[in-house]
>>> print(open('my_file_9.csv').read())   # CSV, C-alpha atoms
chain,number,residue,atom,x,y,z
L,4,GLN,CA,0.0,0.0,0.0
L,5,MET,CA,2.9,2.4,0.8
L,6,ARG,CA,4.3,1.8,-2.7
L,7,GLN,CA,1.0,2.4,-4.3
L,8,ASN,CA,0.5,5.6,-2.5
L,9,GLN,CA,3.9,6.8,-3.6
L,10,GLU,CA,3.1,5.9,-7.2
L,11,GLY,CA,0.0,8.0,-7.0
L,12,ARG,CA,2.0,11.0,-5.8
L,13,ASP,CA,4.5,10.5,-8.5
L,14,LEU,CA,1.8,10.4,-11.2
L,15,ILE,CA,0.3,13.7,-10.0
L,16,GLU,CA,3.8,15.3,-9.9
L,17,GLU,CA,4.4,14.1,-13.5
L,18,GLY,CA,1.3,15.8,-14.7
L,19,ALA,CA,-1.1,12.9,-15.2
L,20,GLN,CA,-4.5,14.1,-16.5
L,21,ALA,CA,-6.4,11.2,-15.0
L,22,ILE,CA,-5.6,8.2,-12.8
L,23,PHE,CA,-7.0,4.7,-12.9
L,24,LEU,CA,-6.8,3.0,-9.5
L,25,THR,CA,-7.2,-0.5,-8.3
L,26,PRO,CA,-6.6,-0.2,-4.6
L,27,VAL,CA,-4.5,-2.7,-2.7
L,28,GLU,CA,-6.5,-1.9,0.5
L,29,TRP,CA,-9.9,-0.2,0.3
L,30,ASP,CA,-9.6,2.0,3.4
L,31,THR,CA,-6.0,3.5,3.2
L,32,VAL,CA,-6.1,5.7,0.1
L,33,ARG,CA,-7.8,8.8,1.3
L,34,GLU,CA,-4.7,10.9,1.4
L,35,ARG,CA,-3.9,10.0,-2.2
L,36,LEU,CA,-7.4,10.8,-3.4
L,37,GLU,CA,-7.4,14.1,-1.6
L,38,ALA,CA,-4.1,15.0,-3.3
L,39,ALA,CA,-5.5,14.1,-6.7
L,40,ASN,CA,-8.6,16.3,-6.0
L,41,ARG,CA,-6.4,19.2,-5.0
L,42,ALA,CA,-4.5,18.8,-8.2
L,43,GLY,CA,-7.7,18.6,-10.3
L,44,VAL,CA,-6.9,15.1,-11.4
L,45,PRO,CA,-9.9,12.8,-11.7
L,46,VAL,CA,-9.5,9.3,-10.3
L,47,ILE,CA,-11.4,6.3,-11.8
L,48,VAL,CA,-11.5,3.4,-9.4
L,49,VAL,CA,-11.4,0.0,-11.2
L,50,ASP,CA,-12.4,-3.5,-10.0
L,51,ALA,CA,-12.1,-2.9,-6.2
L,52,PRO,CA,-13.9,-0.2,-4.3
L,53,VAL,CA,-12.5,2.5,-2.0
L,54,GLN,CA,-14.0,3.6,1.3
L,55,ASP,CA,-13.9,7.3,0.3
L,56,ALA,CA,-15.9,6.9,-2.9
L,57,GLU,CA,-17.0,10.5,-2.7
L,58,LEU,CA,-13.5,11.6,-3.6
L,59,VAL,CA,-13.4,9.7,-7.0
L,60,ALA,CA,-14.9,10.6,-10.3
L,61,CYS,CA,-16.4,7.1,-10.8
L,62,SER,CA,-16.0,3.6,-9.6
L,63,VAL,CA,-16.3,0.7,-12.1
L,64,LEU,CA,-16.9,-2.5,-10.3
L,65,SER,CA,-18.0,-6.1,-10.7
L,66,ASP,CA,-21.2,-7.0,-8.9
L,67,ASN,CA,-19.3,-8.7,-6.1
L,68,TYR,CA,-22.3,-9.2,-3.8
L,69,GLN,CA,-24.3,-10.8,-6.6
L,70,ALA,CA,-21.3,-13.2,-7.2
L,71,GLY,CA,-21.7,-14.6,-3.7
L,72,ILE,CA,-25.4,-14.9,-4.2
L,73,LEU,CA,-25.0,-16.9,-7.4
L,74,CYS,CA,-22.6,-19.3,-5.7
L,75,ALA,CA,-24.9,-19.9,-2.8
L,76,GLU,CA,-28.0,-20.4,-5.0
L,77,HIS,CA,-26.1,-23.0,-6.9
L,78,LEU,CA,-25.0,-24.8,-3.7
L,79,VAL,CA,-28.6,-24.9,-2.4
L,80,SER,CA,-29.7,-26.3,-5.7
L,81,GLN,CA,-27.2,-29.1,-5.5
L,82,ARG,CA,-27.5,-30.3,-1.9
L,83,ASP,CA,-30.0,-30.6,0.9
L,84,SER,CA,-27.4,-29.5,3.5
L,85,ALA,CA,-23.8,-28.3,3.7
L,86,LYS,CA,-21.1,-27.7,6.3
L,87,ILE,CA,-19.2,-24.8,4.9
L,88,ILE,CA,-15.7,-23.3,5.3
L,89,LEU,CA,-15.1,-19.7,4.1
L,90,LEU,CA,-11.8,-18.5,2.7
L,91,GLU,CA,-11.6,-14.7,3.1
L,92,HIS,CA,-9.4,-11.6,2.6
L,93,ILE,CA,-10.8,-9.2,5.1
L,94,THR,CA,-8.9,-6.1,3.9
L,95,ALA,CA,-10.3,-6.5,0.3
L,96,ARG,CA,-13.7,-5.0,0.2
L,97,SER,CA,-14.6,-6.8,-3.1
L,98,GLY,CA,-13.8,-10.1,-1.4
L,99,ALA,CA,-15.8,-9.3,1.7
L,100,GLU,CA,-18.8,-8.5,-0.5
L,101,ARG,CA,-18.6,-11.8,-2.3
L,102,VAL,CA,-18.5,-13.8,1.0
L,103,GLN,CA,-21.3,-11.7,2.5
L,104,GLY,CA,-23.5,-12.3,-0.5
L,105,PHE,CA,-22.9,-16.0,-0.1
L,106,VAL,CA,-23.5,-16.0,3.7
L,107,ASP,CA,-26.7,-13.9,3.4
L,108,THR,CA,-28.1,-16.2,0.8
L,109,ILE,CA,-27.7,-19.4,2.7
L,110,GLN,CA,-29.2,-18.0,5.9
L,111,GLY,CA,-32.6,-19.4,6.4
L,112,HIS,CA,-31.9,-22.6,4.6
L,113,ASP,CA,-32.1,-25.4,7.1
L,114,GLY,CA,-29.1,-27.7,7.1
L,115,PHE,CA,-26.7,-25.1,5.6
L,116,SER,CA,-24.2,-23.7,8.1
L,117,VAL,CA,-20.8,-22.0,8.2
L,118,LEU,CA,-18.4,-24.0,10.4
L,119,ALA,CA,-15.3,-21.8,10.1
L,120,SER,CA,-13.5,-19.1,8.1
L,121,GLY,CA,-9.9,-18.4,7.4
L,122,GLU,CA,-7.8,-15.6,6.1
L,123,SER,CA,-6.2,-16.5,2.8
L,124,ASP,CA,-5.1,-13.0,1.6
L,125,GLY,CA,-6.4,-14.1,-1.7
L,126,GLN,CA,-3.2,-16.1,-2.4
L,127,ILE,CA,-2.8,-19.7,-3.2
L,128,GLU,CA,0.2,-20.1,-1.0
L,129,ASN,CA,-1.6,-18.8,2.0
L,130,ALA,CA,-4.9,-20.6,1.3
L,131,MET,CA,-3.5,-24.1,1.2
L,132,PRO,CA,-2.0,-24.2,4.8
L,133,VAL,CA,-5.0,-22.3,6.2
L,134,MET,CA,-7.4,-24.8,4.5
L,135,GLU,CA,-5.3,-27.8,5.8
L,136,GLU,CA,-5.7,-26.5,9.4
L,137,LEU,CA,-9.4,-25.8,8.9
L,138,LEU,CA,-10.0,-29.3,7.6
L,139,ARG,CA,-8.2,-30.7,10.7
L,140,GLN,CA,-10.5,-28.6,13.0
L,141,ASN,CA,-13.7,-29.3,11.1
L,142,LEU,CA,-13.9,-32.9,10.1
L,143,GLU,CA,-17.5,-32.8,8.9
L,144,ALA,CA,-16.9,-29.9,6.4
L,145,ASP,CA,-18.0,-30.7,2.9
L,146,THR,CA,-18.1,-27.3,1.1
L,147,VAL,CA,-15.8,-24.3,0.7
L,148,MET,CA,-16.5,-20.8,-0.5
L,149,SER,CA,-13.4,-18.9,-1.6
L,150,LEU,CA,-13.3,-15.2,-2.3
L,151,ASN,CA,-11.2,-15.7,-5.5
L,152,ASP,CA,-9.8,-18.4,-7.7
L,153,PRO,CA,-6.2,-18.5,-6.2
L,154,SER,CA,-7.7,-19.1,-2.8
L,155,ALA,CA,-9.9,-21.9,-4.3
L,156,PHE,CA,-6.8,-23.5,-5.9
L,157,GLY,CA,-5.1,-23.6,-2.5
L,158,ALA,CA,-8.2,-25.1,-1.0
L,159,LEU,CA,-8.4,-27.7,-3.7
L,160,ALA,CA,-4.8,-28.7,-3.0
L,161,ALA,CA,-5.5,-29.1,0.7
L,162,ILE,CA,-8.7,-31.1,0.0
L,163,GLN,CA,-6.9,-33.4,-2.4
L,164,GLY,CA,-4.0,-33.9,0.1
L,165,ALA,CA,-6.5,-34.9,2.7
L,166,GLY,CA,-8.2,-37.4,0.3
L,167,LEU,CA,-11.5,-35.6,0.5
L,168,SER,CA,-12.1,-34.6,-3.2
L,169,GLY,CA,-15.1,-36.8,-3.5
L,170,ARG,CA,-16.9,-35.1,-0.6
L,171,PHE,CA,-16.3,-31.4,-1.3
L,172,LEU,CA,-18.0,-28.8,-3.4
L,173,VAL,CA,-15.7,-25.8,-4.1
L,174,TYR,CA,-17.0,-22.4,-5.1
L,175,SER,CA,-15.0,-19.3,-6.1
L,176,VAL,CA,-15.2,-15.9,-7.9
L,177,ASP,CA,-13.0,-14.8,-10.8
L,178,GLY,CA,-13.7,-16.9,-13.9
L,179,SER,CA,-10.0,-17.1,-14.6
L,180,PRO,CA,-8.7,-19.4,-17.4
L,181,GLU,CA,-7.3,-21.7,-14.8
L,182,GLY,CA,-10.6,-21.7,-12.8
L,183,LYS,CA,-12.6,-22.5,-15.9
L,184,ALA,CA,-10.3,-25.3,-16.7
L,185,LEU,CA,-10.8,-26.8,-13.3
L,186,VAL,CA,-14.6,-26.4,-13.6
L,187,GLN,CA,-14.3,-28.3,-17.0
L,188,ASP,CA,-12.3,-31.1,-15.2
L,189,GLY,CA,-14.9,-31.4,-12.4
L,190,LEU,CA,-12.5,-30.2,-9.7
L,191,LEU,CA,-14.0,-26.8,-9.1
L,192,THR,CA,-17.8,-26.8,-8.7
L,193,ALA,CA,-18.3,-23.2,-10.0
L,194,THR,CA,-16.5,-19.9,-10.4
L,195,CYS,CA,-18.5,-16.7,-10.8
L,196,ALA,CA,-17.0,-14.9,-13.8
L,197,GLN,CA,-16.0,-11.3,-13.8
L,198,PHE,CA,-15.5,-9.6,-17.2
L,199,PRO,CA,-12.2,-7.6,-17.1
L,200,THR,CA,-12.6,-6.4,-20.7
L,201,ARG,CA,-16.0,-5.0,-20.0
L,202,ILE,CA,-14.7,-3.3,-16.8
L,203,ALA,CA,-11.7,-1.8,-18.7
L,204,LYS,CA,-13.8,-0.5,-21.5
L,205,GLU,CA,-16.3,1.1,-19.1
L,206,ALA,CA,-13.4,2.6,-17.0
L,207,ALA,CA,-11.9,4.1,-20.2
L,208,ALA,CA,-15.2,5.6,-21.2
L,209,GLN,CA,-15.7,7.1,-17.7
L,210,GLY,CA,-12.1,8.5,-17.9
L,211,TYR,CA,-13.0,10.4,-21.1
L,212,LEU,CA,-16.2,11.7,-19.5
L,213,ALA,CA,-14.2,12.9,-16.5
L,214,LEU,CA,-11.8,14.8,-18.7
L,215,GLU,CA,-14.6,16.2,-20.8
L,216,GLY,CA,-16.6,17.7,-17.9
L,217,GLY,CA,-17.5,15.0,-15.5
L,218,CYS,CA,-18.9,11.5,-15.1
L,219,CYS,CA,-22.7,11.1,-15.3
L,220,GLN,CA,-22.7,8.5,-12.5
L,221,LYS,CA,-20.5,7.8,-9.4
L,222,GLU,CA,-20.6,4.0,-9.8
L,223,VAL,CA,-20.9,1.6,-12.7
L,224,ILE,CA,-21.7,-2.0,-11.8
L,225,VAL,CA,-20.7,-4.7,-14.3
L,226,PRO,CA,-22.8,-7.9,-14.1
L,227,VAL,CA,-21.2,-11.3,-13.3
L,228,GLU,CA,-22.1,-14.8,-14.4
L,229,LEU,CA,-21.8,-18.2,-12.8
L,230,VAL,CA,-19.6,-20.7,-14.7
L,231,THR,CA,-20.5,-24.4,-14.0
L,232,ALA,CA,-19.9,-27.7,-15.7
L,233,GLU,CA,-23.2,-27.2,-17.6
L,234,ASN,CA,-22.1,-23.9,-19.3
L,235,VAL,CA,-18.3,-23.7,-19.1
L,236,SER,CA,-18.0,-24.5,-22.8
L,237,HIS,CA,-19.7,-21.2,-23.6
L,238,TYR,CA,-16.8,-19.3,-21.9
>>> encode(input="my_file_9.csv", output="structure tokens")
Amino acid sequence: QMRQNQEGRDLIEEGAQAIFLTPVEWDTVRERLEAANRAGVPVIVVDAPVQDAELVACSVLSDNYQAGILCAEHLVSQRDSAKIILLEHITARSGAERVQGFVDTIQGHDGFSVLASGESDGQIENAMPVMEELLRQNLEADTVMSLNDPSAFGALAAIQGAGLSGRFLVYSVDGSPEGKALVQDGLLTATCAQFPTRIAKEAAAQGYLALEGGCCQKEVIVPVELVTAENVSHY
């Protein structure tokens, strides 16, 4: 985050006319946004939200909460009950929204319960040992919801190492090429696809609007779609 803040200051000093920002942490960029505002440089937030959204020209984001909803709805359609582990990244607002959408959707469904959660930092190398420990602590677990594909890959490695592949359903958000390949192979139950090209095109369009007089809206939400074994060939 310190490096990203310094890069933001450097861009302003170098005369940038607009800045596109994907924050490392959602709640530690206020100083940089205020500096951009003082310099009259519009900031377009891309992919991950910031806490101080009133300081940016526009935020272009995936529908992260809906991604969690879609994963949960698929789970409920596949099983009568589930004992769930969550893999989170608490400092990433986008990841928190995905997990919250999932948790809110399973509430009220008898037999579906969250046993435990673990901090993966959204990284495969962190997710694997965390998942290994959660499996040891929760022997009845049979489902995992990961905030992103790298965390899901780490979870899969831990599940396979424990010999539990036949029991688990594994959900994720990203729709990465690797994630879709694992869905195709039947190892990943589903990944909710984001559409980076759509996000980028919309962010560029908002950047031009910001330079030409101002964005028409403060937030643009790009839809997501659930990728499963039934439809993965379309992606």
>>> closest_residue(input="my_file_9.csv", among="L:Glu136, L:Leu229, L:Glu122, L:Leu185", to="L:Ala75", atoms="all atoms listed in the file")
L:Leu229
>>> residues_around(input="my_file_9.csv", residues="stretch 84-95 of chain L", least_positions_apart="5", cutoff="10 Å", atoms="only C-alpha atoms", output="PyMOL selection string")
chain L and resi 26-30+51-53+78-79+100-102+105-106+109+112-126+130+133-134+137-138+141-151+154-155+157-158+171-175
>>> atom_distance(input="my_file_9.csv", atom1="atom CA of L:Leu58", atom2="atom CA of L:Val32")
10.2 Å
>>> closest_atom_pairs(input="my_file_9.csv", of="stretch 38-93 of chain L", to="stretch 231-238 of chain L", cutoff="12 Å", atoms="all atoms listed in the file", output="CSV")
residue,atom,partner,partner_atom,distance
L:Leu73,CA,L:Thr231,CA,11.0
L:Cys74,CA,L:Thr231,CA,10.0
L:His77,CA,L:Thr231,CA,9.2
L:Leu78,CA,L:Thr231,CA,11.2
L:Gln81,CA,L:Thr231,CA,11.8
>>> residues_around(input="my_file_9.csv", residues="stretch 179-181 of chain L", least_positions_apart="4", cutoff="9 Å", atoms="only C-alpha atoms", output="list in words")
Asp152, Leu185, Val186, Thr194, Ala196 and Gln197 of chain L
>>> residues_around(input="my_file_9.csv", residues="stretch 210-219 of chain L", least_positions_apart="3", cutoff="12 Å", atoms="all atoms listed in the file", output="VMD selection string")
chain L and resid 19 to 24 43 to 49 59 to 63 203 to 207 222 to 223
>>> atom_distance(input="my_file_9.csv", atom1="atom CA of L:Glu228", atom2="atom CA of L:Gln69")
9.0 Å
>>> atom_distance(input="my_file_9.csv", atom1="atom CA of L:Gly182", atom2="atom CA of L:Phe156")
8.1 Å
>>> build_atoms(input="my_file_9.csv", residues="stretch 178-189 of chain L", atoms="all heavy atoms", output="CSV table (one decimal), in the frame of the given file")
chain,number,residue,atom,x,y,z
L,178,GLY,N,-13.5,-16.5,-12.5
L,178,GLY,CA,-13.7,-16.9,-13.9
L,178,GLY,C,-12.4,-16.8,-14.6
L,178,GLY,O,-12.4,-16.6,-15.8
L,179,SER,N,-11.3,-17.1,-13.9
L,179,SER,CA,-10.0,-17.1,-14.6
L,179,SER,C,-9.8,-18.3,-15.5
L,179,SER,O,-10.6,-19.2,-15.4
L,179,SER,CB,-8.9,-17.2,-13.5
L,179,SER,OG,-8.9,-18.4,-12.9
L,180,PRO,N,-8.9,-18.2,-16.5
L,180,PRO,CA,-8.7,-19.4,-17.4
L,180,PRO,C,-8.5,-20.6,-16.6
L,180,PRO,O,-9.0,-21.7,-16.9
L,180,PRO,CB,-7.6,-18.9,-18.3
L,180,PRO,CG,-7.6,-17.4,-18.3
L,180,PRO,CD,-8.1,-17.0,-16.9
L,181,GLU,N,-7.6,-20.5,-15.6
L,181,GLU,CA,-7.3,-21.7,-14.8
L,181,GLU,C,-8.5,-22.2,-14.0
L,181,GLU,O,-8.8,-23.4,-13.9
L,181,GLU,CB,-6.2,-21.4,-13.8
L,181,GLU,CG,-4.9,-21.0,-14.4
L,181,GLU,CD,-4.8,-19.5,-14.7
L,181,GLU,OE1,-5.8,-18.8,-14.6
L,181,GLU,OE2,-3.7,-19.1,-15.2
L,182,GLY,N,-9.3,-21.3,-13.5
L,182,GLY,CA,-10.6,-21.7,-12.8
L,182,GLY,C,-11.5,-22.4,-13.7
L,182,GLY,O,-12.1,-23.4,-13.4
L,183,LYS,N,-11.7,-21.8,-14.9
L,183,LYS,CA,-12.6,-22.5,-15.9
L,183,LYS,C,-12.2,-23.9,-16.3
L,183,LYS,O,-13.0,-24.8,-16.5
L,183,LYS,CB,-12.8,-21.6,-17.1
L,183,LYS,CG,-13.7,-20.3,-16.8
L,183,LYS,CD,-13.9,-19.4,-18.0
L,183,LYS,CE,-12.7,-18.6,-18.3
L,183,LYS,NZ,-12.9,-17.6,-19.3
L,184,ALA,N,-10.8,-24.0,-16.4
L,184,ALA,CA,-10.3,-25.3,-16.7
L,184,ALA,C,-10.6,-26.3,-15.6
L,184,ALA,O,-10.9,-27.5,-15.9
L,184,ALA,CB,-8.8,-25.2,-17.0
L,185,LEU,N,-10.5,-25.9,-14.4
L,185,LEU,CA,-10.8,-26.8,-13.3
L,185,LEU,C,-12.3,-27.1,-13.2
L,185,LEU,O,-12.7,-28.2,-12.7
L,185,LEU,CB,-10.3,-26.2,-11.9
L,185,LEU,CG,-8.8,-26.2,-11.8
L,185,LEU,CD1,-8.4,-25.4,-10.5
L,185,LEU,CD2,-8.2,-27.6,-11.7
L,186,VAL,N,-13.2,-26.2,-13.5
L,186,VAL,CA,-14.6,-26.4,-13.6
L,186,VAL,C,-14.8,-27.5,-14.7
L,186,VAL,O,-15.6,-28.5,-14.5
L,186,VAL,CB,-15.4,-25.2,-13.9
L,186,VAL,CG1,-16.8,-25.5,-14.3
L,186,VAL,CG2,-15.3,-24.2,-12.8
L,187,GLN,N,-14.1,-27.3,-15.9
L,187,GLN,CA,-14.3,-28.3,-17.0
L,187,GLN,C,-13.8,-29.7,-16.5
L,187,GLN,O,-14.5,-30.7,-16.9
L,187,GLN,CB,-13.4,-27.8,-18.1
L,187,GLN,CG,-13.5,-28.7,-19.4
L,187,GLN,CD,-14.7,-28.5,-20.2
L,187,GLN,OE1,-15.0,-27.4,-20.6
L,187,GLN,NE2,-15.6,-29.5,-20.3
L,188,ASP,N,-12.8,-29.8,-15.7
L,188,ASP,CA,-12.3,-31.1,-15.2
L,188,ASP,C,-13.1,-31.6,-14.0
L,188,ASP,O,-12.8,-32.7,-13.5
L,188,ASP,CB,-10.8,-30.9,-14.8
L,188,ASP,CG,-9.9,-30.6,-16.0
L,188,ASP,OD1,-10.3,-30.9,-17.1
L,188,ASP,OD2,-8.8,-30.1,-15.8
L,189,GLY,N,-14.1,-30.9,-13.5
L,189,GLY,CA,-14.9,-31.4,-12.4
L,189,GLY,C,-14.3,-31.2,-11.0
L,189,GLY,O,-14.8,-31.7,-10.1
